[in-house]
Amino acid sequence: MSSLLTNTSAMTALTTLKSIAGELDKTSSRISTGLKVSNAADNAAYWSIATTIRADNGSLGAVKDALGLGANSVDTAFNGMNSAIEDMKSIQSKLTAALSPNVDRNKIQTEIGAILNKMKSTADSSVVSGENWLSTDSGAGNYTSDRKIVASFTRVDGAISVDTVNVSVDDTKLYDKTTTASAGGGVDADITADKATFQAAETQWDTDLATWEASTKDAAAKTAYDTAKTTFDTAKATYATAIDTANAAAVKDADGAGGILNKEWGVFGKDEDGANKAYALSVDKIDISAIQNQDLSKLRAYIAVVDKALNAMTEAATTLGANKTQITSQTTFVESLIKSNERSIGTLVDADMEEESTRLKALQVQQQLGVQSLSIANSNTQSILSLFR
């Protein structure tokens, strides 16, 4: 039955055409944006997951930036420390050369002073973003020993945590404006009485040796010589033991507080008799110009100070190197994590352009057929009109 008021075929064709137009709009949107899920209405679950991952990627990007800044700080401190270590090796060699009795210690002191100035300049200029890890002031009100570098961002069961790489500036600082002098407490090795006894034995041995040389070297003289030599050898061994005992009983001065190069270190320096003398010395105040050959204990103490400071600097450089490696590794991991998250987002919300292109062609054909179908349905009423002619 045909009806003039209700054109069922036209209504069906129109509904189909509207549906095709809606699908065509969706496909066109996907092609133009490249997204199959561009808002929550497209797929609430996927959109929510993708939005959370995007937020996490933003945080990871900030972590990557923080690691970059941290790497710059560590690199600067590491390079400055390595430069200072090389300078310290040079000072150590010059101090060793100064032990020679025929050197000009004033000239060596001039060279050492120039190196000390260079190290101070290197430490003071090792600044990144207003921070200096080699030259500090622990007495400043805003001073904190730990430097925290943001290293990771994680979300587990909705709970967010941020981890850091921690560097203690107290372990790396070469200079500190706030220092504490050594508390002292050092005790020298006391060999005064033993030295006097040995000197008397030396005098007696010189006399006995002269007697032997002036003798006819007969059996009696030989016996006397052997007895004197045994007595002297015993005295020499006794004196050596006394020195070792006194050195073992000696006590170093307490270390002061400050940077590696401007704190006072408690050390021993052996005098010309081999006895330990206690000193509290700092690298930045090395001065050998007044040291005389009669007592080189302070010079030997300076060598000991440089050795202790060099060991501390080497340990600090090792720590900085380990931090540098850790930051580099963490940066690589964060970069790979960001890329992995981007791939996850793409899997959830990105449109398959090949599929969408094919669908677009199909929908365009369907739309054309729908228009043709609607045209045919509308022409049915004209056929009914012809019945009344």
# chains A, B, ... in the order shown; residues from 1 in each chain; ligands from 1

call {"tool": "residues_around", "arguments": {"residues": "Asn39 in chain A", "least_positions_apart": "4", "cutoff": "12 Å", "atoms": "only C-alpha atoms", "output": "JSON, numbers by chain"}}
result
{"A": [29, 30, 33, 35, 43, 44, 45, 46, 47, 48, 49, 50, 51, 349, 350]}

call {"tool": "select_by_dssp", "arguments": {"residues": "range 137-328 of chain A", "states": "strand (DSSP E)", "output": "count of residues only"}}
result
35

call {"tool": "select_by_dssp", "arguments": {"residues": "range 169-282 of chain A", "states": "alpha helix (DSSP H)", "output": "MDAnalysis selection string"}}
result
chainID A and resid 169:172 192:214 219:249

call {"tool": "write_last_selection", "arguments": {"atoms": "C-alpha atoms", "output": "PDB file, in the first residue's frame"}}
result
ATOM      1  CA  VAL A 169      78.701  18.473  49.726  1.00  0.00           C
ATOM      2  CA  ASP A 170      80.480  17.877  53.041  1.00  0.00           C
ATOM      3  CA  ASP A 171      82.279  15.007  51.283  1.00  0.00           C
ATOM      4  CA  THR A 172      83.256  17.027  48.191  1.00  0.00           C
ATOM      5  CA  THR A 192     115.493  12.466  74.855  1.00  0.00           C
ATOM      6  CA  ALA A 193     116.956  10.042  77.421  1.00  0.00           C
ATOM      7  CA  ASP A 194     117.422   7.236  74.910  1.00  0.00           C
ATOM      8  CA  LYS A 195     119.178   9.600  72.494  1.00  0.00           C
ATOM      9  CA  ALA A 196     121.585  10.754  75.208  1.00  0.00           C
ATOM     10  CA  THR A 197     122.407   7.144  76.071  1.00  0.00           C
ATOM     11  CA  PHE A 198     122.994   6.298  72.409  1.00  0.00           C
ATOM     12  CA  GLN A 199     125.154   9.382  71.848  1.00  0.00           C
ATOM     13  CA  ALA A 200     127.311   8.289  74.785  1.00  0.00           C
ATOM     14  CA  ALA A 201     127.574   4.843  73.205  1.00  0.00           C
ATOM     15  CA  GLU A 202     128.529   6.474  69.872  1.00  0.00           C
ATOM     16  CA  THR A 203     131.265   8.485  71.588  1.00  0.00           C
ATOM     17  CA  GLN A 204     132.578   5.390  73.282  1.00  0.00           C
ATOM     18  CA  TRP A 205     132.518   3.480  69.998  1.00  0.00           C
ATOM     19  CA  ASP A 206     134.467   6.245  68.254  1.00  0.00           C
ATOM     20  CA  THR A 207     137.085   5.986  71.014  1.00  0.00           C
ATOM     21  CA  ASP A 208     137.219   2.198  70.817  1.00  0.00           C
ATOM     22  CA  LEU A 209     137.490   2.324  67.018  1.00  0.00           C
ATOM     23  CA  ALA A 210     140.376   4.804  67.237  1.00  0.00           C
ATOM     24  CA  THR A 211     142.091   2.527  69.771  1.00  0.00           C
ATOM     25  CA  TRP A 212     141.728  -0.419  67.434  1.00  0.00           C
ATOM     26  CA  GLU A 213     143.137   1.521  64.495  1.00  0.00           C
ATOM     27  CA  ALA A 214     146.156   2.592  66.586  1.00  0.00           C
ATOM     28  CA  ALA A 219     144.709 -11.023  69.705  1.00  0.00           C
ATOM     29  CA  ALA A 220     144.076  -8.876  72.767  1.00  0.00           C
ATOM     30  CA  ALA A 221     143.289  -5.829  70.643  1.00  0.00           C
ATOM     31  CA  LYS A 222     140.979  -7.896  68.456  1.00  0.00           C
ATOM     32  CA  THR A 223     139.116  -9.172  71.517  1.00  0.00           C
ATOM     33  CA  ALA A 224     138.716  -5.642  72.818  1.00  0.00           C
ATOM     34  CA  TYR A 225     137.496  -4.471  69.391  1.00  0.00           C
ATOM     35  CA  ASP A 226     134.939  -7.274  69.112  1.00  0.00           C
ATOM     36  CA  THR A 227     133.637  -6.566  72.604  1.00  0.00           C
ATOM     37  CA  ALA A 228     133.289  -2.833  71.829  1.00  0.00           C
ATOM     38  CA  LYS A 229     131.542  -3.518  68.530  1.00  0.00           C
ATOM     39  CA  THR A 230     129.058  -5.889  70.192  1.00  0.00           C
ATOM     40  CA  THR A 231     128.365  -3.303  72.867  1.00  0.00           C
ATOM     41  CA  PHE A 232     127.785  -0.597  70.257  1.00  0.00           C
ATOM     42  CA  ASP A 233     125.570  -2.807  68.089  1.00  0.00           C
ATOM     43  CA  THR A 234     123.486  -3.611  71.168  1.00  0.00           C
ATOM     44  CA  ALA A 235     123.182   0.087  71.994  1.00  0.00           C
ATOM     45  CA  LYS A 236     122.179   0.850  68.396  1.00  0.00           C
ATOM     46  CA  ALA A 237     119.501  -1.869  68.409  1.00  0.00           C
ATOM     47  CA  THR A 238     118.259  -0.684  71.794  1.00  0.00           C
ATOM     48  CA  TYR A 239     118.027   2.880  70.503  1.00  0.00           C
ATOM     49  CA  ALA A 240     116.104   1.783  67.379  1.00  0.00           C
ATOM     50  CA  THR A 241     113.667  -0.142  69.573  1.00  0.00           C
ATOM     51  CA  ALA A 242     113.288   2.871  71.854  1.00  0.00           C
ATOM     52  CA  ILE A 243     112.444   5.066  68.831  1.00  0.00           C
ATOM     53  CA  ASP A 244     109.817   2.581  67.631  1.00  0.00           C
ATOM     54  CA  THR A 245     108.319   2.399  71.127  1.00  0.00           C
ATOM     55  CA  ALA A 246     108.232   6.181  71.480  1.00  0.00           C
ATOM     56  CA  ASN A 247     106.683   6.555  68.003  1.00  0.00           C
ATOM     57  CA  ALA A 248     103.992   4.038  68.873  1.00  0.00           C
ATOM     58  CA  ALA A 249     103.173   6.041  71.999  1.00  0.00           C
TER      59      ALA A 249
END

call {"tool": "atom_distance", "arguments": {"atom1": "CA of Lys173 in chain A", "atom2": "CA of Val251 in chain A"}}
result
27.2 Å

call {"tool": "atom_distance", "arguments": {"atom1": "CA of Ser28 in chain A", "atom2": "CA of Leu14 in chain A"}}
result
20.6 Å

call {"tool": "closest_residue", "arguments": {"among": "A:Asn341, A:Glu335, A:Met313, A:Ser282", "to": "Ser83 in chain A", "atoms": "only C-alpha atoms"}}
result
A:Met313

call {"tool": "atom_distance", "arguments": {"atom1": "CA of Thr96 in chain A", "atom2": "CA of Leu299 in chain A"}}
result
8.6 Å

call {"tool": "residues_around", "arguments": {"residues": "Ser59 in chain A", "least_positions_apart": "4", "cutoff": "10 Å", "atoms": "only C-alpha atoms", "output": "ChimeraX atom specification"}}
result
/A:53-55,63-65,152-154,162,338

call {"tool": "residues_around", "arguments": {"residues": "Thr164 in chain A", "least_positions_apart": "3", "cutoff": "7 Å", "atoms": "only C-alpha atoms", "output": "ChimeraX atom specification"}}
result
/A:148-152

call {"tool": "write_last_selection", "arguments": {"atoms": "N, CA, C and O atoms", "output": "compact mmCIF listing (two decimals), in the first residue's frame"}}
result
# COMPACT_ATOMS: atom_id res chain seq x y z
N LYS A 148 70.03 17.29 46.53
CA LYS A 148 69.11 16.27 46.02
C LYS A 148 68.79 16.54 44.55
O LYS A 148 68.36 17.63 44.20
N ILE A 149 69.00 15.53 43.72
CA ILE A 149 68.70 15.62 42.30
C ILE A 149 67.54 14.68 42.01
O ILE A 149 67.63 13.47 42.24
N VAL A 150 66.40 15.26 41.54
CA VAL A 150 65.24 14.43 41.23
C VAL A 150 65.62 13.42 40.16
O VAL A 150 66.12 13.78 39.09
N ALA A 151 65.38 12.12 40.45
CA ALA A 151 65.87 11.06 39.56
C ALA A 151 64.79 10.18 38.98
O ALA A 151 64.98 9.54 37.94
N SER A 152 63.61 10.12 39.63
CA SER A 152 62.57 9.22 39.10
C SER A 152 61.20 9.66 39.58
O SER A 152 61.06 10.34 40.60

call {"tool": "residues_around", "arguments": {"residues": "Arg359 in chain A", "least_positions_apart": "2", "cutoff": "12 Å", "atoms": "only C-alpha atoms", "output": "count of residues only"}}
result
23

call {"tool": "closest_residue", "arguments": {"among": "A:Ser126, A:Ser344, A:Asn102, A:Ser9", "to": "Asn82 in chain A", "atoms": "only C-alpha atoms"}}
result
A:Ser126
